[in-house]
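*Asks:* Have a look at this one.
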Amino acid sequence: MIKILFVCHGNICRSPMAEFMLKDMVKKRGIEDKFEIASAATSREEIGNPVHHGTRNKLAPLGISVAGKTAVQMTKKDYEYYDYIIIMDENNMRNALRLLGKKEAPKISRLLDFTDKTGDIADPWYTGNFDETFDDIKRGCQGLLAFLERQGKI
């Protein structure tokens with residue numbers, strides 16, 4: 001079982017988008033039984049809140065539901081539990097390391113680091129551009145699956 005945790009600031013836009021997009025991708029490949037996929041926040045600002053309507057509106061036309069998902073904060077136990085902790089941007093990388101009490105953490109990487117366009121995924125809470133975020137997350141999830149294939153894990 002490959003355990004993946006996606007992380008962003010509030011766990012209402014980017015990380016749930018990645019969580020449910022990757023769940024859909026592995027389901028369509030018929031390999032969902034090989035994965036446990038979740039998402040969390042580095043902050044406590046949105047804890048208990050549902051997924052942002054912008055994310056819901058991008059995923060719903062694809063038949064991807066986020067029903068029942070509410071924001072949670074990542075914990076130190078998450079680092080021990082998950083194989084991969086995938087962060088959306090450098091700010092949340094620093095915040096995640098602080099939460100974990102670590103200076104570095106080999107299990108943590110940014111989602112776009114699995115693509116040829118490394119960097120941060122913009123937060124649509126601030127930009128309002130859910131299309132760009134969706135495209136980056138899709139590219140990142142595809143890159144993550146390709147990485148896992150190259151590693152012989154799927």
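For the structure tokens, the naming scheme is as follows: chains receive sequential letters (A, B, ...) according to their order of presentation, residues are indexed from 1 within each chain, and ligands are indexed from 1 in presentation order.
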If you run DSSP over the backbone, which residues in region 8-41 of chain A end up strand (DSSP E)? Put them as a ChimeraX atom specification.
*Replies:* /A:8,35-41
*Asks:* Using only C-alpha atoms, which residues sit within 10 Å of Leu145 (chain A) once same-chain residues fewer than 4 positions away are excluded, as a PyMOL selection string?
*Replies:* chain A and resi 22+25-26+114+140-141+149-151+153-154
*Asks:* Just write the chosen residues, N, CA and C atoms, as a PDB file, in the first residue's frame.
*Replies:*
ATOM      1  N   LEU A  22      -6.091  12.482  -7.663  1.00  0.00           N
ATOM      2  CA  LEU A  22      -5.262  11.276  -7.696  1.00  0.00           C
ATOM      3  C   LEU A  22      -6.100  10.032  -7.413  1.00  0.00           C
ATOM      4  N   MET A  25      -7.652   9.178 -10.643  1.00  0.00           N
ATOM      5  CA  MET A  25      -6.675   8.639 -11.594  1.00  0.00           C
ATOM      6  C   MET A  25      -6.356   7.173 -11.300  1.00  0.00           C
ATOM      7  N   VAL A  26      -6.122   6.848 -10.032  1.00  0.00           N
ATOM      8  CA  VAL A  26      -5.765   5.462  -9.711  1.00  0.00           C
ATOM      9  C   VAL A  26      -6.978   4.540  -9.852  1.00  0.00           C
ATOM     10  N   PHE A 114       7.696  16.507  -9.228  1.00  0.00           N
ATOM     11  CA  PHE A 114       7.535  15.275  -9.999  1.00  0.00           C
ATOM     12  C   PHE A 114       7.306  15.565 -11.486  1.00  0.00           C
ATOM     13  N   GLY A 140       1.092  17.488 -11.893  1.00  0.00           N
ATOM     14  CA  GLY A 140       1.838  16.952 -10.755  1.00  0.00           C
ATOM     15  C   GLY A 140       1.423  15.538 -10.403  1.00  0.00           C
ATOM     16  N   CYS A 141       0.138  15.269 -10.403  1.00  0.00           N
ATOM     17  CA  CYS A 141      -0.355  13.912 -10.092  1.00  0.00           C
ATOM     18  C   CYS A 141       0.084  12.919 -11.162  1.00  0.00           C
ATOM     19  N   GLU A 149       5.796   4.563 -11.044  1.00  0.00           N
ATOM     20  CA  GLU A 149       5.992   3.509 -12.029  1.00  0.00           C
ATOM     21  C   GLU A 149       7.487   3.270 -12.258  1.00  0.00           C
ATOM     22  N   ARG A 150       8.264   4.342 -12.422  1.00  0.00           N
ATOM     23  CA  ARG A 150       9.711   4.199 -12.618  1.00  0.00           C
ATOM     24  C   ARG A 150      10.374   3.522 -11.427  1.00  0.00           C
ATOM     25  N   GLN A 151       9.824   3.755 -10.227  1.00  0.00           N
ATOM     26  CA  GLN A 151      10.364   3.146  -9.019  1.00  0.00           C
ATOM     27  C   GLN A 151       9.919   1.689  -8.865  1.00  0.00           C
ATOM     28  N   LYS A 153       6.911   0.710  -8.100  1.00  0.00           N
ATOM     29  CA  LYS A 153       5.938   0.601  -6.993  1.00  0.00           C
ATOM     30  C   LYS A 153       4.526   0.354  -7.482  1.00  0.00           C
ATOM     31  N   ILE A 154       4.264   0.694  -8.754  1.00  0.00           N
ATOM     32  CA  ILE A 154       2.952   0.386  -9.363  1.00  0.00           C
ATOM     33  C   ILE A 154       3.185  -0.181 -10.753  1.00  0.00           C
TER      34      ILE A 154
END
*Asks:* Given the choices A:Ser39, A:Gln142, A:Asn57, A:Gln73, which gets closest to Asp116 (chain A) if the distance is worked out from only C-alpha atoms?
*Replies:*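 Nearest candidate to Asp116 (chain A) out of A:Ser39, A:Gln142, A:Asn57, A:Gln73: A:Gln142.
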*Asks:* May I ask which of the residues A:Phe130, A:Phe6, A:Phe147, A:Phe20 is the closest one to Leu62 (chain A), counting only C-alpha atoms?
*Replies:*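 Closest to Leu62 (chain A) of all the choices is A:Phe20.
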*Asks:* Pull the helix (DSSP H, G or I) assignments for chain A out of DSSP run on the backbone, and list those residues as a count of residues only.
*Replies:* 75
*Asks:* In Å, how far is it from CA of Gly128 (chain A) to CA of Pro16 (chain A)?
*Replies:*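 Atom-to-atom, CA of Gly128 (chain A) to CA of Pro16 (chain A), that is 16.2 Å.
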